[in-house]
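S.K.: I am attaching a structure below and will ask some questions about it afterwards.
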Amino acid sequence: MTTTKRPAKMVNKKSSGRPIKVAILGFGTVGSSVARVLAAGKYPGLRLTHIYNRDVERKRLSTAARYVPADAIWTENINDVLTSKVDIIVELMGGLKPTEAWIRAALTLGKSVVTANKQLIAYRGASLLRLAKAHSVQLIHGAAVAGGVPVIPGLLHGQSADHITRIRGILNGTCNYMLTRMEAGAGYAEVLSDAQALGYAEADPSADVDGFDARAKLCILSRIALQAELDPDQVPAQTISTIEKIDFMYAKELGCTIRQVSTAQLDSTRAGAMVQARVGPMLIPHTSPMAWSHGTQNMVVASGRFGGDVVFSGRGAGGEPTAVAVVSDLLAIAQGGVSVELPVHRRRVTGDFISPHYLRFVVNDRPGIVSSIAGALAKVGANIDSILQRPGHDKHALPFVVTTEPCLNSTIDKAVEAMAKMNCMLERPLCLQMLEPEPPTA
């Protein structure tokens with residue numbers, strides 16, 4: 001094996017006075033913000049020398065281009081970057097293709113990589129990290145989860161000595177923005193349109209609203225915090241698109257709000273061989289810190305055996321917060337920083353959690369409906385905890401709510417399948433997990 005570059009050599013470059021050369025792949029919102037942060041002048045050891053982008057001339061004429069040094073090379077040929085003397089490549093294009101091939105090539109050529117690409121790190125992170133180690137370079141991805149919130153470096157360097165048993169949090173700022181607006185009384189279609197207009201959501205919002213973005217981030221955090229390598233496709237994800245204004249009204253009566261929550265925890269009943277993980281909207285008690293997260297804020301709660309709960313919170317999206325994380329990663333490589341390495345093991349996933357459940361029905365009202373619902377629940381061994389019905393609704397399209405005592409998701413799913421076939425049901429019952437309040441600490 002030929003070792004082409006070591007982190008220690010980068011320190012020597014810096015100390016010898018030669019700046020470390022940096023290339024940016026993707027000069028969009030985050031890429032241009034990285035250029036702006038670098039141009040602030042606090043980092044004389046880093047020099048931006050290359051910009052790669054499709055339709056590069058348009059980017060070169062943008063107002064953001066003023067933050068790029070005049071002698072930097074702008075190109076739409078990736079080989080101009082890969083064959084250059086660039087020391088660190090910053091990948092901000094996203095997706096698996098063609099970025100995976102380019103990053104593999106960069107690492108093999110002895111160039112370190114900084115990336116905010118959550119899908120790439122979730123699906124290919126383990127093999128890419130091995131490749132980086134084999135070539136004595138670094139792959140750092142602190143901006144891949146929670147944007148400018150330093151959750152990844154916090155877990156790696158601040159909590160690596162603890163035994164983290166659970167990661168739970170709000171990992172998608174778009175969903176948090178939308179659900180916060182709905183909590184204030186807006187409808188789903190309205191808030192989605194606003195999120196798209198503000199640039200929070202794409203024209204196809206499925207990655208955000210259906211939980212795929214948060215799922216990728218959860219898998220990255222699981223690898224770091226739980227030392228558990230998960231297949232993202234095996235982690236159940238539930239959409240927020242079925243949530244309606246009425247659900248927030250009922251949630252308020254239950255002392256809760258609704259947020260998209262991502263959870264991964266070691267399953268103690270299987271001696272750590274299994275991880276319970278899922279992403280989806282949940283009813284959150286108003287007393288929970290996650291209920292206090294509004295707008296595009298992200299929040300992560302890491303629960304450790306020795307250190308207890310540690311909360312990371314802040315702006316999880318946006319060009320400048322994410323750029324701060326990216327440039328911090330650049331500085332870590334430039335100054336010879338080395339990430340903590342702990343053994344990681346492939347783990348199987350189950351989406352089955354024991355929790356109370358919220359069931360919202362819309363029915364053509366007639367006698368015996370509650371009895372039928374109770375019978376369907378009793379048949380699978382689930383018990384009703386409460387029934388809520390707000391006045392003033394049309395009896396021919398009546399929404400009401402049943403909450404259950406704690407039971408497995410799979411148990412409730414069987415009951416929902418049976419209840420969905422009842423003649424009185426006008427739409428499929430909505431089923432949400434309910435987060436139980438944490439017991440008070442002594």
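Simple scheme: letters A, B, ... for chains in structure tokens order, numbers from 1 for residues in each chain, numbers from 1 for ligands in the order shown.
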Find the residues near A:Tyr43: any atom within 10 Å, counting only C-alpha atoms, skip ones fewer than 5 places away on the same chain, and give them as a PyMOL selection string.

M.R.: chain A and resi 19+37-38+327+330-331

S.K.: Please produce a file of those selected residues containing N, CA and C atoms, as a JSON list (two decimals), in the first residue's frame.

M.R.:
[["chain", "number", "residue", "atom", "x", "y", "z"],
["A", 19, "PRO", "N", -0.02, 27.62, 2.58],
["A", 19, "PRO", "CA", -1.43, 27.41, 2.92],
["A", 19, "PRO", "C", -1.91, 26.05, 2.43],
["A", 37, "VAL", "N", -17.40, 32.45, 4.61],
["A", 37, "VAL", "CA", -16.76, 32.26, 5.92],
["A", 37, "VAL", "C", -15.24, 32.26, 5.77],
["A", 38, "LEU", "N", -14.73, 31.57, 4.74],
["A", 38, "LEU", "CA", -13.28, 31.55, 4.52],
["A", 38, "LEU", "C", -12.74, 32.94, 4.22],
["A", 327, "VAL", "N", -16.35, 24.64, 7.78],
["A", 327, "VAL", "CA", -15.03, 25.27, 7.97],
["A", 327, "VAL", "C", -14.39, 24.80, 9.27],
["A", 330, "LEU", "N", -12.70, 21.75, 8.30],
["A", 330, "LEU", "CA", -11.48, 22.08, 7.56],
["A", 330, "LEU", "C", -10.34, 22.43, 8.52],
["A", 331, "LEU", "N", -10.65, 23.23, 9.53],
["A", 331, "LEU", "CA", -9.63, 23.62, 10.49],
["A", 331, "LEU", "C", -9.11, 22.41, 11.27]]

S.K.: Please identify the alpha helix (DSSP H) residues within stretch 18-80 of chain A (assignment by DSSP from backbone atoms) and present them as a list in words.

M.R.: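 Residues meeting the alpha helix (DSSP H) criterion: Thr29, Val30, Gly31, Ser32, Ser33, Val34, Ala35, Arg36, Val37, Leu38, Val56, Glu57, Arg58, Lys59, Arg60, Ile78, Asn79 and Asp80 of chain A.
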
S.K.: When distances are computed from only C-alpha atoms, which of A:Ala23, A:Ala40, A:Val349, A:Leu120 shows the smallest separation from A:His141?

M.R.: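 Among the listed residues, A:Leu120 lies closest to A:His141.
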
S.K.: Pick out the residues sitting within 8 Å of stretch 306-320 of chain A, and hand them over as a compact mmCIF listing (two decimals) with all heavy atoms, in the first residue's frame; count only C-alpha atoms, and ignore anything fewer than 3 positions along from it in its own chain.

M.R.:
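The result, written out as out.txt:
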# COMPACT_ATOMS: atom_id res chain seq x y z
N THR A 29 -26.09 27.18 -2.01
CA THR A 29 -26.29 27.95 -0.78
C THR A 29 -25.19 27.70 0.23
O THR A 29 -24.61 28.65 0.78
CB THR A 29 -27.64 27.58 -0.16
OG1 THR A 29 -28.69 27.88 -1.10
CG2 THR A 29 -27.89 28.36 1.12
N VAL A 30 -24.86 26.42 0.47
CA VAL A 30 -23.84 26.11 1.46
C VAL A 30 -22.44 26.40 0.91
O VAL A 30 -21.60 26.99 1.60
CB VAL A 30 -23.95 24.65 1.92
CG1 VAL A 30 -22.84 24.31 2.92
CG2 VAL A 30 -25.30 24.40 2.57
N GLY A 31 -22.18 26.00 -0.33
CA GLY A 31 -20.86 26.22 -0.91
C GLY A 31 -20.46 27.68 -0.93
O GLY A 31 -19.32 28.04 -0.57
N SER A 32 -21.38 28.55 -1.34
CA SER A 32 -21.08 29.98 -1.37
C SER A 32 -20.91 30.53 0.04
O SER A 32 -20.11 31.44 0.28
CB SER A 32 -22.17 30.74 -2.12
OG SER A 32 -23.44 30.55 -1.52
N SER A 33 -21.64 29.96 1.00
CA SER A 33 -21.48 30.39 2.39
C SER A 33 -20.13 29.98 2.95
O SER A 33 -19.53 30.70 3.74
CB SER A 33 -22.61 29.82 3.26
OG SER A 33 -23.87 30.35 2.87
N VAL A 34 -19.64 28.79 2.54
CA VAL A 34 -18.31 28.37 2.95
C VAL A 34 -17.26 29.36 2.42
O VAL A 34 -16.35 29.77 3.15
CB VAL A 34 -18.01 26.94 2.46
CG1 VAL A 34 -16.52 26.60 2.64
CG2 VAL A 34 -18.87 25.93 3.19
N VAL A 37 -17.40 32.45 4.61
CA VAL A 37 -16.76 32.26 5.92
C VAL A 37 -15.24 32.26 5.77
O VAL A 37 -14.52 32.89 6.55
CB VAL A 37 -17.26 30.97 6.58
CG1 VAL A 37 -16.47 30.68 7.85
CG2 VAL A 37 -18.74 31.07 6.91
N VAL A 145 -25.24 16.26 9.87
CA VAL A 145 -26.39 16.17 10.77
C VAL A 145 -26.52 17.48 11.54
O VAL A 145 -25.55 17.97 12.12
CB VAL A 145 -26.24 15.01 11.77
CG1 VAL A 145 -27.43 14.97 12.74
CG2 VAL A 145 -26.11 13.67 11.04
N ALA A 146 -27.71 18.05 11.52
CA ALA A 146 -28.05 19.23 12.33
C ALA A 146 -27.29 20.48 11.93
O ALA A 146 -27.17 21.41 12.73
CB ALA A 146 -27.86 18.94 13.82
N GLY A 147 -26.81 20.56 10.70
CA GLY A 147 -26.22 21.80 10.18
C GLY A 147 -25.15 22.37 11.10
O GLY A 147 -24.11 21.77 11.32
N GLY A 148 -25.43 23.55 11.65
CA GLY A 148 -24.45 24.24 12.47
C GLY A 148 -24.42 23.80 13.91
O GLY A 148 -23.65 24.35 14.71
N VAL A 149 -25.22 22.81 14.30
CA VAL A 149 -25.21 22.31 15.67
C VAL A 149 -24.09 21.28 15.79
O VAL A 149 -24.11 20.28 15.07
CB VAL A 149 -26.56 21.67 16.05
CG1 VAL A 149 -26.55 21.24 17.51
CG2 VAL A 149 -27.71 22.64 15.79
N PRO A 150 -23.13 21.45 16.69
CA PRO A 150 -21.98 20.53 16.73
C PRO A 150 -22.28 19.21 17.43
O PRO A 150 -21.60 18.81 18.37
CB PRO A 150 -20.94 21.35 17.51
CG PRO A 150 -21.74 22.22 18.42
CD PRO A 150 -23.00 22.57 17.63
N VAL A 151 -23.30 18.51 16.95
CA VAL A 151 -23.68 17.27 17.59
C VAL A 151 -22.68 16.16 17.29
O VAL A 151 -22.32 15.37 18.18
CB VAL A 151 -25.13 16.86 17.22
CG1 VAL A 151 -25.31 16.68 15.73
CG2 VAL A 151 -25.54 15.60 17.96
N ASP A 162 -18.68 7.80 27.33
CA ASP A 162 -19.92 7.36 27.94
C ASP A 162 -20.46 6.14 27.17
O ASP A 162 -20.01 5.83 26.06
CB ASP A 162 -20.95 8.49 27.93
CG ASP A 162 -22.02 8.32 29.00
OD1 ASP A 162 -22.11 7.23 29.59
OD2 ASP A 162 -22.78 9.28 29.24
N HIS A 163 -21.42 5.47 27.77
CA HIS A 163 -22.11 4.37 27.11
C HIS A 163 -23.48 4.89 26.70
O HIS A 163 -24.43 4.84 27.48
CB HIS A 163 -22.23 3.18 28.06
CG HIS A 163 -22.95 2.01 27.47
ND1 HIS A 163 -23.58 1.04 28.23
CD2 HIS A 163 -23.16 1.64 26.18
CE1 HIS A 163 -24.15 0.15 27.43
NE2 HIS A 163 -23.90 0.49 26.19
N LEU A 171 -34.54 16.10 13.77
CA LEU A 171 -33.40 16.15 12.86
C LEU A 171 -33.70 16.80 11.53
O LEU A 171 -32.80 16.93 10.69
CB LEU A 171 -32.86 14.73 12.62
CG LEU A 171 -32.40 13.96 13.86
CD1 LEU A 171 -31.91 12.57 13.47
CD2 LEU A 171 -31.31 14.72 14.59
N ASN A 172 -34.94 17.21 11.31
CA ASN A 172 -35.30 17.82 10.03
C ASN A 172 -35.95 19.17 10.27
O ASN A 172 -37.07 19.26 10.79
CB ASN A 172 -36.23 16.90 9.23
CG ASN A 172 -36.55 17.45 7.85
OD1 ASN A 172 -37.45 18.25 7.69
ND2 ASN A 172 -35.78 17.04 6.85
N GLY A 173 -35.25 20.23 9.91
CA GLY A 173 -35.74 21.58 10.15
C GLY A 173 -36.98 21.92 9.34
O GLY A 173 -37.84 22.69 9.79
N THR A 296 -37.08 26.09 12.31
CA THR A 296 -36.12 25.17 11.69
C THR A 296 -35.09 24.63 12.69
O THR A 296 -34.09 24.03 12.28
CB THR A 296 -35.37 25.86 10.54
OG1 THR A 296 -34.70 27.03 11.04
CG2 THR A 296 -36.34 26.28 9.44
N GLN A 297 -35.34 24.83 13.97
CA GLN A 297 -34.41 24.31 14.98
C GLN A 297 -34.30 22.79 14.92
O GLN A 297 -35.27 22.10 14.65
CB GLN A 297 -34.88 24.70 16.38
CG GLN A 297 -34.25 25.96 16.94
CD GLN A 297 -34.51 26.06 18.43
OE1 GLN A 297 -35.61 25.82 18.90
NE2 GLN A 297 -33.48 26.42 19.18
N ASN A 298 -33.10 22.31 15.20
CA ASN A 298 -32.87 20.89 15.42
C ASN A 298 -32.56 20.67 16.90
O ASN A 298 -32.09 21.59 17.58
CB ASN A 298 -31.70 20.37 14.60
CG ASN A 298 -32.06 20.05 13.15
OD1 ASN A 298 -31.30 19.41 12.45
ND2 ASN A 298 -33.22 20.51 12.68
N MET A 299 -32.83 19.48 17.37
CA MET A 299 -32.50 19.13 18.75
C MET A 299 -32.17 17.64 18.81
O MET A 299 -32.86 16.82 18.23
CB MET A 299 -33.66 19.44 19.69
CG MET A 299 -33.39 19.08 21.15
SD MET A 299 -34.73 19.58 22.26
CE MET A 299 -34.51 21.36 22.24
N VAL A 300 -31.09 17.32 19.51
CA VAL A 300 -30.68 15.93 19.71
C VAL A 300 -30.45 15.72 21.20
O VAL A 300 -29.76 16.51 21.84
CB VAL A 300 -29.40 15.58 18.92
CG1 VAL A 300 -28.95 14.16 19.23
CG2 VAL A 300 -29.63 15.75 17.42
N VAL A 301 -31.04 14.65 21.74
CA VAL A 301 -30.83 14.28 23.13
C VAL A 301 -30.10 12.93 23.15
O VAL A 301 -30.63 11.93 22.66
CB VAL A 301 -32.15 14.17 23.91
CG1 VAL A 301 -31.89 13.84 25.38
CG2 VAL A 301 -32.96 15.47 23.79
N ALA A 302 -28.88 12.94 23.66
CA ALA A 302 -28.10 11.71 23.80
C ALA A 302 -28.19 11.25 25.25
O ALA A 302 -27.83 12.00 26.16
CB ALA A 302 -26.65 11.96 23.41
N SER A 303 -28.66 10.03 25.45
CA SER A 303 -28.84 9.49 26.80
C SER A 303 -27.73 8.49 27.09
O SER A 303 -27.61 7.47 26.41
CB SER A 303 -30.20 8.80 26.93
OG SER A 303 -31.24 9.73 26.65
N ALA A 323 -22.14 26.20 6.96
CA ALA A 323 -20.79 26.58 6.56
C ALA A 323 -19.85 26.65 7.76
O ALA A 323 -18.67 26.31 7.66
CB ALA A 323 -20.81 27.92 5.82
N VAL A 324 -20.37 27.09 8.90
CA VAL A 324 -19.54 27.12 10.10
C VAL A 324 -19.06 25.72 10.45
O VAL A 324 -17.88 25.51 10.79
CB VAL A 324 -20.34 27.73 11.28
CG1 VAL A 324 -19.60 27.52 12.60
CG2 VAL A 324 -20.57 29.22 11.05

S.K.: Name all residues at most 12 Å from A:Ala101 (count only C-alpha atoms; drop same-chain ones fewer than 6 positions away) and give them as an mmCIF file with all heavy atoms, in the first residue's frame.

M.R.:
data_model
loop_
_atom_site.group_PDB
_atom_site.id
_atom_site.type_symbol
_atom_site.label_atom_id
_atom_site.label_comp_id
_atom_site.auth_asym_id
_atom_site.auth_seq_id
_atom_site.Cartn_x
_atom_site.Cartn_y
_atom_site.Cartn_z
ATOM 1 N N ILE A 78 -14.479 17.706 -13.245
ATOM 2 C CA ILE A 78 -14.049 17.236 -11.930
ATOM 3 C C ILE A 78 -12.583 16.820 -11.922
ATOM 4 O O ILE A 78 -11.897 16.927 -10.889
ATOM 5 C CB ILE A 78 -14.941 16.059 -11.456
ATOM 6 C CG1 ILE A 78 -14.664 15.738 -9.971
ATOM 7 C CG2 ILE A 78 -14.742 14.850 -12.325
ATOM 8 C CD1 ILE A 78 -14.944 16.854 -9.027
ATOM 9 N N ASN A 79 -12.055 16.404 -13.066
ATOM 10 C CA ASN A 79 -10.654 15.993 -13.117
ATOM 11 C C ASN A 79 -9.702 17.154 -12.872
ATOM 12 O O ASN A 79 -8.572 16.952 -12.428
ATOM 13 C CB ASN A 79 -10.351 15.318 -14.455
ATOM 14 C CG ASN A 79 -10.985 13.947 -14.548
ATOM 15 O OD1 ASN A 79 -11.045 13.222 -13.553
ATOM 16 N ND2 ASN A 79 -11.482 13.590 -15.723
ATOM 17 N N LEU A 82 -9.451 16.809 -9.130
ATOM 18 C CA LEU A 82 -8.837 15.563 -8.656
ATOM 19 C C LEU A 82 -7.357 15.476 -8.994
ATOM 20 O O LEU A 82 -6.576 14.888 -8.236
ATOM 21 C CB LEU A 82 -9.588 14.360 -9.236
ATOM 22 C CG LEU A 82 -11.037 14.183 -8.760
ATOM 23 C CD1 LEU A 82 -11.701 13.025 -9.499
ATOM 24 C CD2 LEU A 82 -11.094 13.950 -7.256
ATOM 25 N N GLU A 91 -17.090 18.565 -0.287
ATOM 26 C CA GLU A 91 -18.173 18.079 -1.160
ATOM 27 C C GLU A 91 -19.511 18.530 -0.611
ATOM 28 O O GLU A 91 -19.919 18.146 0.483
ATOM 29 C CB GLU A 91 -18.108 16.552 -1.258
ATOM 30 C CG GLU A 91 -19.112 15.956 -2.235
ATOM 31 C CD GLU A 91 -20.476 15.720 -1.603
ATOM 32 O OE1 GLU A 91 -20.553 15.045 -0.568
ATOM 33 O OE2 GLU A 91 -21.492 16.208 -2.177
ATOM 34 N N GLY A 95 -26.328 13.585 -2.524
ATOM 35 C CA GLY A 95 -26.645 12.403 -3.314
ATOM 36 C C GLY A 95 -25.510 11.392 -3.354
ATOM 37 O O GLY A 95 -24.410 11.623 -2.843
ATOM 38 N N LEU A 107 -9.995 10.384 -2.041
ATOM 39 C CA LEU A 107 -9.346 9.726 -0.906
ATOM 40 C C LEU A 107 -8.189 8.844 -1.377
ATOM 41 O O LEU A 107 -7.120 8.821 -0.766
ATOM 42 C CB LEU A 107 -10.368 8.892 -0.133
ATOM 43 C CG LEU A 107 -11.508 9.667 0.556
ATOM 44 C CD1 LEU A 107 -12.546 8.704 1.116
ATOM 45 C CD2 LEU A 107 -10.965 10.578 1.651
ATOM 46 N N THR A 108 -8.406 8.135 -2.467
ATOM 47 C CA THR A 108 -7.361 7.260 -3.009
ATOM 48 C C THR A 108 -6.149 8.068 -3.463
ATOM 49 O O THR A 108 -4.998 7.612 -3.360
ATOM 50 C CB THR A 108 -7.926 6.435 -4.178
ATOM 51 O OG1 THR A 108 -9.048 5.671 -3.716
ATOM 52 C CG2 THR A 108 -6.880 5.487 -4.747
ATOM 53 N N LEU A 120 -24.915 10.078 1.547
ATOM 54 C CA LEU A 120 -23.659 9.373 1.272
ATOM 55 C C LEU A 120 -23.079 8.771 2.548
ATOM 56 O O LEU A 120 -22.668 7.608 2.572
ATOM 57 C CB LEU A 120 -22.659 10.341 0.646
ATOM 58 C CG LEU A 120 -21.321 9.721 0.252
ATOM 59 C CD1 LEU A 120 -21.471 8.878 -0.996
ATOM 60 C CD2 LEU A 120 -20.263 10.787 0.050
ATOM 61 N N ARG A 124 -22.918 4.929 2.761
ATOM 62 C CA ARG A 124 -21.562 4.503 2.360
ATOM 63 C C ARG A 124 -20.483 4.928 3.357
ATOM 64 O O ARG A 124 -19.306 4.721 3.122
ATOM 65 C CB ARG A 124 -21.199 5.116 0.989
ATOM 66 C CG ARG A 124 -22.199 4.827 -0.115
ATOM 67 C CD ARG A 124 -22.111 3.390 -0.611
ATOM 68 N NE ARG A 124 -22.886 3.231 -1.824
ATOM 69 C CZ ARG A 124 -24.146 2.800 -1.847
ATOM 70 N NH1 ARG A 124 -24.753 2.456 -0.709
ATOM 71 N NH2 ARG A 124 -24.812 2.698 -2.987
ATOM 72 N N LEU A 128 -16.280 4.310 3.222
ATOM 73 C CA LEU A 128 -15.486 5.495 2.887
ATOM 74 C C LEU A 128 -14.507 5.837 4.010
ATOM 75 O O LEU A 128 -13.376 6.242 3.756
ATOM 76 C CB LEU A 128 -16.407 6.682 2.614
ATOM 77 C CG LEU A 128 -17.201 6.622 1.299
ATOM 78 C CD1 LEU A 128 -18.209 7.752 1.228
ATOM 79 C CD2 LEU A 128 -16.258 6.655 0.095
#

S.K.: Hey, what's within 9 Å of A:Arg366 if we count only C-alpha atoms and toss same-chain stuff fewer than 6 positions away? As a ChimeraX atom specification, please?

M.R.: /A:395-396,424

S.K.: Hey, can you check how far atom CA of A:Pro281 sits from atom CA of A:Thr263?

M.R.: 11.1 Å

S.K.: Identify, with DSSP run on backbone atoms, the residues in stretch 50-288 of chain A assigned to strand (DSSP E or B), and express the list as a VMD selection string.

M.R.: chain A and resid 50 to 52 73 to 75 88 to 91 112 to 115 139 to 140 164 to 170 228 to 229 237 256 to 266 274 to 285

S.K.: I'd like the contact shell of A:Ala184 - 10 Å cut-off, only C-alpha atoms, skipping same-chain residues fewer than 3 positions apart - returned as a count of residues only.

M.R.: 7

S.K.: Between atom CA of A:Thr239 and atom CA of A:Thr257, what is the distance in Å, rounded to a tenth?

M.R.: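 Here the two named atoms are 16.4 Å from each other.
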
S.K.: Using only C-alpha atoms, can you tell me which of A:Ser372, A:Gln238, A:Thr49, A:Gln138 comes closest to A:Ser84?

M.R.: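 Answer, going by the shortest atom-to-atom distance: A:Thr49.
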
S.K.: Ranking A:Ile103, A:Asp80, A:Ser288, A:Leu430 by minimum distance to A:Ser241 and counting only C-alpha atoms, which one comes first?

M.R.: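 Of the candidates, the smallest distance to A:Ser241 is held by A:Leu430.
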
S.K.: Kindly assemble as CSV a list of the stretch 65-174 of chain A residues that lie within 8 Å of stretch 203-213 of chain A, each paired with its nearest atom pair and their distance in Å to one decimal, using only C-alpha atoms, sorted first by chain and then by ascending residue number.

M.R.:
residue,atom,partner,partner_atom,distance
A:Lys118,CA,A:Asp213,CA,7.8
A:Gln119,CA,A:Asp213,CA,7.7
A:Asn172,CA,A:Asp208,CA,6.8
A:Thr174,CA,A:Asp208,CA,6.6

S.K.: Which residue out of A:Lys42, A:Arg130, A:Ser293, A:Val380 has the minimum interatomic distance to A:Glu417 when only C-alpha atoms are used?

M.R.: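 Among the listed residues, the smallest separation from A:Glu417 belongs to A:Val380.
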